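J.: Dropping in my_file-v5.tsv, with TSV, N, CA and C atoms.
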```
chain	number	residue	atom	x	y	z
A	275	MET	N	57.20	12.84	-185.07
A	275	MET	CA	57.60	14.11	-185.66
A	275	MET	C	58.89	14.62	-185.03
A	276	PHE	N	58.94	14.64	-183.70
A	276	PHE	CA	60.13	15.14	-183.01
A	276	PHE	C	61.34	14.26	-183.30
A	277	GLY	N	61.15	12.95	-183.37
A	277	GLY	CA	62.25	12.04	-183.66
A	277	GLY	C	62.83	12.26	-185.04
A	278	HIS	N	61.99	12.54	-186.01
A	278	HIS	CA	62.43	12.78	-187.38
A	278	HIS	C	63.29	14.04	-187.45
A	279	VAL	N	62.85	15.10	-186.79
A	279	VAL	CA	63.59	16.37	-186.77
A	279	VAL	C	64.91	16.19	-186.01
A	280	PHE	N	64.86	15.48	-184.89
A	280	PHE	CA	66.06	15.25	-184.10
A	280	PHE	C	67.10	14.45	-184.90
A	281	MET	N	66.66	13.44	-185.63
A	281	MET	CA	67.59	12.62	-186.42
A	281	MET	C	68.22	13.43	-187.54
A	282	ARG	N	67.47	14.29	-188.19
A	282	ARG	CA	68.04	15.15	-189.24
A	282	ARG	C	69.05	16.13	-188.65
A	283	ALA	N	68.73	16.70	-187.49
A	283	ALA	CA	69.65	17.63	-186.85
A	283	ALA	C	70.94	16.90	-186.42
A	284	PHE	N	70.79	15.69	-185.91
A	284	PHE	CA	71.96	14.91	-185.51
A	284	PHE	C	72.83	14.56	-186.72
A	285	ALA	N	72.20	14.14	-187.81
A	285	ALA	CA	72.95	13.81	-189.02
A	285	ALA	C	73.66	15.04	-189.58
A	286	ALA	N	73.00	16.18	-189.57
A	286	ALA	CA	73.62	17.41	-190.06
A	286	ALA	C	74.81	17.80	-189.18
A	287	THR	N	74.68	17.63	-187.86
A	287	THR	CA	75.78	17.94	-186.95
A	287	THR	C	76.98	17.03	-187.21
A	288	VAL	N	76.73	15.77	-187.43
A	288	VAL	CA	77.81	14.82	-187.71
A	288	VAL	C	78.50	15.16	-189.03
A	289	ILE	N	77.73	15.50	-190.05
A	289	ILE	CA	78.30	15.84	-191.34
A	289	ILE	C	79.15	17.10	-191.25
A	290	VAL	N	78.62	18.13	-190.59
A	290	VAL	CA	79.37	19.38	-190.46
A	290	VAL	C	80.65	19.15	-189.65
A	291	GLY	N	80.57	18.37	-188.58
A	291	GLY	CA	81.75	18.07	-187.78
A	291	GLY	C	82.80	17.29	-188.55
A	292	SER	N	82.37	16.34	-189.35
A	292	SER	CA	83.31	15.55	-190.15
A	292	SER	C	84.00	16.40	-191.20
A	293	VAL	N	83.25	17.21	-191.89
A	293	VAL	CA	83.84	18.06	-192.92
A	293	VAL	C	84.77	19.10	-192.29
A	294	ALA	N	84.37	19.68	-191.19
A	294	ALA	CA	85.21	20.67	-190.51
A	294	ALA	C	86.50	20.02	-190.00
A	295	GLY	N	86.41	18.83	-189.43
A	295	GLY	CA	87.60	18.14	-188.94
A	295	GLY	C	88.55	17.78	-190.07
A	296	ALA	N	88.02	17.28	-191.17
A	296	ALA	CA	88.86	16.94	-192.32
A	296	ALA	C	89.52	18.19	-192.90
A	297	ALA	N	88.77	19.29	-192.98
A	297	ALA	CA	89.34	20.53	-193.50
A	297	ALA	C	90.44	21.06	-192.59
A	298	PHE	N	90.24	20.95	-191.29
A	298	PHE	CA	91.25	21.43	-190.34
A	298	PHE	C	92.54	20.62	-190.46
A	299	VAL	N	92.42	19.29	-190.52
A	299	VAL	CA	93.61	18.45	-190.64
A	299	VAL	C	94.31	18.69	-191.97
A	300	TYR	N	93.56	18.97	-193.02
A	300	TYR	CA	94.17	19.26	-194.32
A	300	TYR	C	94.86	20.62	-194.29
A	301	ALA	N	94.25	21.61	-193.65
A	301	ALA	CA	94.82	22.96	-193.64
A	301	ALA	C	95.99	23.09	-192.68
A	302	VAL	N	95.90	22.45	-191.52
A	302	VAL	CA	96.95	22.54	-190.49
A	302	VAL	C	97.32	21.12	-190.06
A	303	PRO	N	98.10	20.41	-190.88
A	303	PRO	CA	98.41	19.02	-190.53
A	303	PRO	C	99.33	18.95	-189.31
A	304	PRO	N	99.10	17.98	-188.44
A	304	PRO	CA	99.99	17.81	-187.29
A	304	PRO	C	101.37	17.34	-187.77
A	305	PRO	N	102.39	17.56	-186.96
A	305	PRO	CA	103.76	17.19	-187.37
A	305	PRO	C	103.90	15.71	-187.73
A	306	SER	N	103.12	14.84	-187.10
A	306	SER	CA	103.24	13.41	-187.39
A	306	SER	C	102.77	13.07	-188.80
A	307	LEU	N	101.98	13.94	-189.44
A	307	LEU	CA	101.55	13.69	-190.81
A	307	LEU	C	102.53	14.26	-191.84
A	308	ARG	N	103.49	15.03	-191.39
A	308	ARG	CA	104.45	15.63	-192.32
A	308	ARG	C	105.67	14.76	-192.55
A	309	VAL	N	106.17	14.10	-191.50
A	309	VAL	CA	107.38	13.28	-191.61
A	309	VAL	C	107.20	11.97	-190.86
A	310	THR	N	108.02	10.99	-191.21
A	310	THR	CA	108.02	9.72	-190.50
A	310	THR	C	108.79	9.88	-189.20
A	311	ARG	N	108.82	8.83	-188.41
A	311	ARG	CA	109.55	8.93	-187.13
A	311	ARG	C	111.05	9.00	-187.35
A	312	ASP	N	111.52	8.66	-188.56
A	312	ASP	CA	112.95	8.79	-188.88
A	312	ASP	C	113.28	10.16	-189.44
A	313	GLY	N	112.29	11.04	-189.60
A	313	GLY	CA	112.51	12.38	-190.09
A	313	GLY	C	112.43	12.52	-191.60
A	314	VAL	N	111.97	11.48	-192.29
A	314	VAL	CA	111.86	11.51	-193.75
A	314	VAL	C	110.47	12.02	-194.12
A	315	PRO	N	110.37	13.04	-194.95
A	315	PRO	CA	109.05	13.53	-195.36
A	315	PRO	C	108.26	12.46	-196.10
A	316	HIS	N	106.96	12.44	-195.84
A	316	HIS	CA	106.09	11.53	-196.58
A	316	HIS	C	106.09	11.92	-198.05
A	317	PHE	N	105.79	10.97	-198.90
A	317	PHE	CA	105.72	11.17	-200.35
A	317	PHE	C	107.05	11.62	-200.95
A	318	THR	N	108.17	11.19	-200.32
A	318	THR	CA	109.48	11.46	-200.87
A	318	THR	C	109.74	10.45	-201.98
A	319	PRO	N	110.13	10.89	-203.16
A	319	PRO	CA	110.39	9.92	-204.23
A	319	PRO	C	111.65	9.11	-203.94
A	320	PRO	N	111.74	7.93	-204.52
A	320	PRO	CA	112.95	7.13	-204.32
A	320	PRO	C	114.16	7.81	-204.94
A	321	VAL	N	115.33	7.48	-204.41
A	321	VAL	CA	116.59	8.02	-204.95
A	321	VAL	C	117.32	6.92	-205.70
A	322	ALA	N	118.17	7.29	-206.62
A	322	ALA	CA	118.91	6.32	-207.43
A	322	ALA	C	120.19	5.91	-206.72
A	323	HIS	N	120.46	4.61	-206.73
A	323	HIS	CA	121.74	4.10	-206.22
A	323	HIS	C	122.82	4.60	-207.16
A	324	PRO	N	123.93	5.18	-206.61
A	324	PRO	CA	124.93	5.79	-207.50
A	324	PRO	C	125.64	4.80	-208.42
A	325	GLN	N	125.75	3.53	-208.03
A	325	GLN	CA	126.50	2.59	-208.86
A	325	GLN	C	125.59	1.77	-209.78
A	326	THR	N	124.44	1.34	-209.24
A	326	THR	CA	123.58	0.47	-210.04
A	326	THR	C	122.41	1.21	-210.69
A	327	GLY	N	122.04	2.35	-210.15
A	327	GLY	CA	120.92	3.11	-210.70
A	327	GLY	C	119.56	2.62	-210.24
A	328	GLU	N	119.52	1.58	-209.38
A	328	GLU	CA	118.23	1.08	-208.91
A	328	GLU	C	117.60	2.05	-207.91
A	329	PRO	N	116.28	2.14	-207.87
A	329	PRO	CA	115.63	3.06	-206.93
A	329	PRO	C	115.72	2.55	-205.49
A	330	LEU	N	116.04	3.45	-204.58
A	330	LEU	CA	116.14	3.13	-203.16
A	330	LEU	C	115.16	3.99	-202.37
A	331	ASP	N	114.52	3.38	-201.38
A	331	ASP	CA	113.61	4.10	-200.51
A	331	ASP	C	114.41	4.97	-199.54
A	332	VAL	N	114.06	6.24	-199.43
A	332	VAL	CA	114.78	7.16	-198.56
A	332	VAL	C	114.64	6.73	-197.09
A	333	GLY	N	113.48	6.18	-196.72
A	333	GLY	CA	113.30	5.70	-195.36
A	333	GLY	C	114.26	4.57	-195.03
A	334	MET	N	114.50	3.69	-195.99
A	334	MET	CA	115.45	2.60	-195.79
A	334	MET	C	116.86	3.16	-195.59
A	335	LEU	N	117.21	4.19	-196.35
A	335	LEU	CA	118.53	4.82	-196.19
A	335	LEU	C	118.67	5.47	-194.81
A	336	ALA	N	117.61	6.12	-194.34
A	336	ALA	CA	117.66	6.76	-193.03
A	336	ALA	C	117.83	5.70	-191.93
A	337	ARG	N	117.11	4.58	-192.04
A	337	ARG	CA	117.25	3.52	-191.05
A	337	ARG	C	118.66	2.90	-191.12
A	338	HIS	N	119.22	2.78	-192.31
A	338	HIS	CA	120.55	2.20	-192.48
A	338	HIS	C	121.59	3.06	-191.77
A	339	TYR	N	121.53	4.36	-191.98
A	339	TYR	CA	122.52	5.25	-191.39
A	339	TYR	C	122.32	5.45	-189.89
A	340	LYS	N	121.10	5.17	-189.40
A	340	LYS	CA	120.87	5.21	-187.95
A	340	LYS	C	121.31	3.92	-187.29
A	341	GLY	N	121.55	2.88	-188.08
A	341	GLY	CA	121.97	1.60	-187.53
A	341	GLY	C	120.82	0.68	-187.15
A	342	VAL	N	119.62	0.98	-187.62
A	342	VAL	CA	118.46	0.17	-187.33
A	342	VAL	C	118.28	-0.82	-188.47
A	343	LYS	N	117.99	-2.06	-188.13
A	343	LYS	CA	117.83	-3.10	-189.18
A	343	LYS	C	116.45	-3.04	-189.77
```
Could you express the structure from this file as structure tokens?
T.:
Amino acid sequence: MFGHVFMRAFAATVIVGSVAGAAFVYAVPPPSLRVTRDGVPHFTPPVAHPQTGEPLDVGMLARHYKGVK
């Protein structure tokens, strides 16, 4: 009887902690979730190459101008 109650309480604690942690990270995201290490915001759409019109990744452009291969 005690083991059954303890297991339910433990499961409820884990569920509440998981939901609270996920809600906190969603509401107040840390800076590392907002931008990449190159300073480019996540979920940035690709930009068009001015001459060819092909889509280019903004992260690739940031690395190019920083001189990183």
J.: As JSON, numbers by chain, please: the residues near Pro320 in chain A (cut-off 6 Å, only C-alpha atoms, same-chain neighbours under 6 positions excluded).
T.: {"A": [329, 330, 331]}
J.: Find the residue from A:Asp312, A:Pro305, A:Pro319, A:His278 that sits nearest to Arg337 in chain A; use only N, CA and C atoms when measuring.
T.: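 Distance minimum relative to Arg337 in chain A lands on A:Asp312.
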J.: Would you mind reading off the distance between atom C of His316 in chain A and atom C of Ala336 in chain A, one decimal, in Å?
T.: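 Between atom C of His316 in chain A and atom C of Ala336 in chain A the gap works out to 14.6 Å.
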J.: I need the strand (DSSP E or B) residues of chain A per DSSP on the backbone, written as a list in words.
T.: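 These are the residues in question: Val309, Pro315, Val321, Ala322, Pro329 and Leu330 of chain A.
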